[in-house]
Amino acid sequence: MSFTELAYPIFERAIADYHRHDNVDWPMENPYEQGAIECDLYTKNWIDTVQWHLEDIVRDPDIDPKEALALKRRIDRSNQERTDLVERIDSWFWTKYRDVEVKEGATINTESPAWAVDRLSILALKIYHMKEQVEREDASEEHRATCRRKLDVLLEQQKDLSTAIDQLLEDIEGGRKYMKVYKQMKMYNDVETNPVLYKLKVKSESEK
């Protein structure tokens, strides 16, 4: 079984589990063993799925501005959790392949395996929700036909991306490519690097 043959059904399961309640506040019940890669993949997609719906909610033109701000900050936290989890999955890949002998002339990929898997997780969500649009009974036939065409493209993209991920992993395993784990070092969530936050911190400390 290839890695994407393992991962994609887990993404689909997480999406289906979320939509049983369709509630951004519903607690995740991860069915996989803690510490296993399957557990991380499920958690990764659950975060993506909740964030997908938060992004829908915050775009309500009649939303209360205070609620919108709270949602924006929740989305920021979700993005940080997503980034941290992708880096953990990359660390899993790095550990798995760390003893592979890298061949002379081996190259590094433009993105790490886990960030490619991140794209696959998002793609699973796009496919799920585009299928919903295709099946909408209250929508026009024109709308459904447009969404069918988009769904066909997404399904082709899912096939191509899965192939590319599996080929990348085969190349890493064969020593033809190598990987590094780079931390994203996002600055806007860090009180020490976001100028708005660290100026507030300095001001607060000076007033004590």
# chains A, B, ... in the order shown; residues from 1 in each chain; ligands from 1

call {"tool": "residues_around", "arguments": {"residues": "range 95-97 of chain A", "least_positions_apart": "6", "cutoff": "12 Å", "atoms": "only C-alpha atoms", "output": "list in words"}}
result
Ile37, Arg88, Ile89, Pro113, Leu169, Glu170, Asp171, Ile172, Glu173, Gly174, Gly175, Arg176, Lys177, Tyr178, Met179, Lys180 and Val181 of chain A

call {"tool": "select_by_dssp", "arguments": {"residues": "range 13-208 of chain A", "states": "helix (DSSP H, G or I)", "output": "VMD selection string"}}
result
chain A and resid 13 to 19 37 to 58 65 to 97 113 to 134 141 to 173 195 to 206

call {"tool": "write_last_selection", "arguments": {"atoms": "C-alpha atoms", "output": "short mmCIF file (atom, residue, chain, number, x, y, z; two decimals), in the first residue's frame"}}
result
data_model
loop_
_atom_site.label_atom_id
_atom_site.label_comp_id
_atom_site.auth_asym_id
_atom_site.auth_seq_id
_atom_site.Cartn_x
_atom_site.Cartn_y
_atom_site.Cartn_z
CA ARG A 13 -13.20 9.31 7.32
CA ALA A 14 -12.37 12.48 9.25
CA ILE A 15 -14.54 14.55 6.90
CA ALA A 16 -17.45 12.10 7.20
CA ASP A 17 -17.10 11.99 10.99
CA TYR A 18 -17.19 15.78 11.20
CA HIS A 19 -20.28 16.04 9.02
CA ILE A 37 0.90 8.32 11.82
CA GLU A 38 -2.75 7.45 11.18
CA CYS A 39 -3.69 9.43 14.30
CA ASP A 40 -1.79 12.48 13.06
CA LEU A 41 -3.34 12.25 9.59
CA TYR A 42 -6.84 12.10 11.08
CA THR A 43 -6.13 15.06 13.37
CA LYS A 44 -4.63 17.00 10.47
CA ASN A 45 -7.76 16.64 8.36
CA TRP A 46 -10.07 17.33 11.30
CA ILE A 47 -8.29 20.66 11.84
CA ASP A 48 -8.63 21.42 8.12
CA THR A 49 -12.33 20.51 8.14
CA VAL A 50 -13.19 22.66 11.14
CA GLN A 51 -11.23 25.55 9.66
CA TRP A 52 -13.02 25.14 6.31
CA HIS A 53 -16.35 25.73 8.08
CA LEU A 54 -14.98 28.57 10.22
CA GLU A 55 -13.98 30.29 6.98
CA ASP A 56 -17.58 29.87 5.75
CA ILE A 57 -19.06 31.28 8.95
CA VAL A 58 -16.80 34.34 9.12
CA PRO A 65 -18.04 42.30 14.19
CA LYS A 66 -17.03 41.04 17.64
CA GLU A 67 -17.92 37.49 16.66
CA ALA A 68 -16.01 37.89 13.39
CA LEU A 69 -12.91 39.05 15.27
CA ALA A 70 -13.15 36.10 17.65
CA LEU A 71 -13.48 33.73 14.68
CA LYS A 72 -10.50 35.34 12.93
CA ARG A 73 -8.37 34.76 16.00
CA ARG A 74 -9.64 31.19 16.23
CA ILE A 75 -8.67 30.66 12.57
CA ASP A 76 -5.20 32.06 13.34
CA ARG A 77 -4.81 29.53 16.17
CA SER A 78 -6.06 26.78 13.87
CA ASN A 79 -3.48 27.72 11.25
CA GLN A 80 -0.73 27.48 13.86
CA GLU A 81 -1.99 24.04 14.96
CA ARG A 82 -2.07 22.95 11.32
CA THR A 83 1.49 24.15 10.76
CA ASP A 84 2.74 22.43 13.91
CA LEU A 85 1.10 19.17 12.86
CA VAL A 86 2.53 19.30 9.34
CA GLU A 87 5.98 19.74 10.85
CA ARG A 88 5.37 16.75 13.12
CA ILE A 89 4.36 14.62 10.12
CA ASP A 90 7.51 15.77 8.31
CA SER A 91 9.54 14.71 11.34
CA TRP A 92 7.91 11.28 11.03
CA PHE A 93 9.01 11.09 7.39
CA TRP A 94 12.50 12.27 8.27
CA THR A 95 12.82 9.60 10.98
CA LYS A 96 11.53 6.94 8.59
CA TYR A 97 14.10 7.79 5.91
CA PRO A 113 6.39 15.41 1.88
CA ALA A 114 4.11 16.59 4.68
CA TRP A 115 3.31 19.89 2.98
CA ALA A 116 2.33 17.94 -0.12
CA VAL A 117 0.15 15.73 2.10
CA ASP A 118 -1.35 18.94 3.52
CA ARG A 119 -2.45 19.84 -0.01
CA LEU A 120 -4.00 16.39 -0.40
CA SER A 121 -5.98 16.85 2.81
CA ILE A 122 -7.37 20.18 1.58
CA LEU A 123 -8.13 18.60 -1.78
CA ALA A 124 -10.21 15.90 -0.07
CA LEU A 125 -12.29 18.68 1.46
CA LYS A 126 -12.73 20.43 -1.88
CA ILE A 127 -13.91 17.17 -3.45
CA TYR A 128 -16.38 16.47 -0.63
CA HIS A 129 -17.94 19.92 -0.80
CA MET A 130 -17.98 20.07 -4.59
CA LYS A 131 -19.88 16.76 -4.59
CA GLU A 132 -22.38 18.41 -2.25
CA GLN A 133 -22.92 21.13 -4.82
CA VAL A 134 -23.36 18.61 -7.63
CA GLU A 141 -29.04 22.42 -13.44
CA GLU A 142 -26.59 24.99 -14.75
CA HIS A 143 -25.03 25.29 -11.30
CA ARG A 144 -24.82 21.52 -10.89
CA ALA A 145 -23.29 21.11 -14.36
CA THR A 146 -20.65 23.73 -13.60
CA CYS A 147 -19.83 21.97 -10.35
CA ARG A 148 -19.62 18.58 -12.11
CA ARG A 149 -16.95 19.99 -14.41
CA LYS A 150 -15.07 21.40 -11.42
CA LEU A 151 -15.39 18.08 -9.60
CA ASP A 152 -13.88 16.25 -12.57
CA VAL A 153 -10.87 18.57 -12.42
CA LEU A 154 -10.52 18.07 -8.66
CA LEU A 155 -10.64 14.28 -9.02
CA GLU A 156 -7.96 14.41 -11.71
CA GLN A 157 -5.89 16.65 -9.47
CA GLN A 158 -6.31 14.21 -6.58
CA LYS A 159 -5.02 11.38 -8.76
CA ASP A 160 -2.05 13.41 -10.01
CA LEU A 161 -1.12 14.75 -6.57
CA SER A 162 -1.32 11.28 -5.02
CA THR A 163 0.97 9.92 -7.74
CA ALA A 164 3.43 12.78 -7.25
CA ILE A 165 3.54 12.29 -3.46
CA ASP A 166 4.11 8.54 -3.76
CA GLN A 167 6.81 9.08 -6.38
CA LEU A 168 8.53 11.63 -4.13
CA LEU A 169 8.54 9.17 -1.24
CA GLU A 170 9.88 6.43 -3.51
CA ASP A 171 12.67 8.76 -4.62
CA ILE A 172 13.53 9.63 -1.01
CA GLU A 173 13.50 5.96 -0.04
CA PRO A 195 5.75 44.43 16.41
CA VAL A 196 2.16 45.09 17.50
CA LEU A 197 2.43 42.42 20.21
CA TYR A 198 5.93 43.14 21.48
CA LYS A 199 5.27 46.90 21.70
CA LEU A 200 2.21 46.13 23.82
CA LYS A 201 4.34 43.84 25.96
CA VAL A 202 6.98 46.54 26.49
CA LYS A 203 4.30 49.11 27.30
CA SER A 204 2.64 46.75 29.79
CA GLU A 205 5.93 46.01 31.54
CA SER A 206 6.85 49.69 31.72
#

call {"tool": "atom_distance", "arguments": {"atom1": "CA of Glu29 in chain A", "atom2": "CA of Glu12 in chain A"}}
result
14.7 Å

call {"tool": "closest_residue", "arguments": {"among": "A:Pro27, A:Val100, A:Tyr182, A:Asp22", "to": "Ser112 in chain A", "atoms": "only C-alpha atoms"}}
result
A:Tyr182

call {"tool": "select_by_dssp", "arguments": {"residues": "range 41-190 of chain A", "states": "strand (DSSP E)", "output": "list in words"}}
result
Thr107, Ile108, Lys177 and Tyr178 of chain A

call {"tool": "write_last_selection", "arguments": {"atoms": "N, CA and C atoms", "output": "mmCIF file, in the first residue's frame"}}
result
data_model
loop_
_atom_site.group_PDB
_atom_site.id
_atom_site.type_symbol
_atom_site.label_atom_id
_atom_site.label_comp_id
_atom_site.auth_asym_id
_atom_site.auth_seq_id
_atom_site.Cartn_x
_atom_site.Cartn_y
_atom_site.Cartn_z
ATOM 1 N N THR A 107 18.692 15.269 -5.274
ATOM 2 C CA THR A 107 18.172 16.628 -5.189
ATOM 3 C C THR A 107 17.113 16.732 -4.109
ATOM 4 N N ILE A 108 16.852 17.971 -3.698
ATOM 5 C CA ILE A 108 15.808 18.221 -2.711
ATOM 6 C C ILE A 108 14.568 18.721 -3.434
ATOM 7 N N LYS A 177 16.307 11.482 -3.941
ATOM 8 C CA LYS A 177 15.987 12.784 -3.374
ATOM 9 C C LYS A 177 16.225 12.713 -1.864
ATOM 10 N N TYR A 178 16.403 13.857 -1.245
ATOM 11 C CA TYR A 178 16.540 13.897 0.203
ATOM 12 C C TYR A 178 15.641 15.003 0.734
#
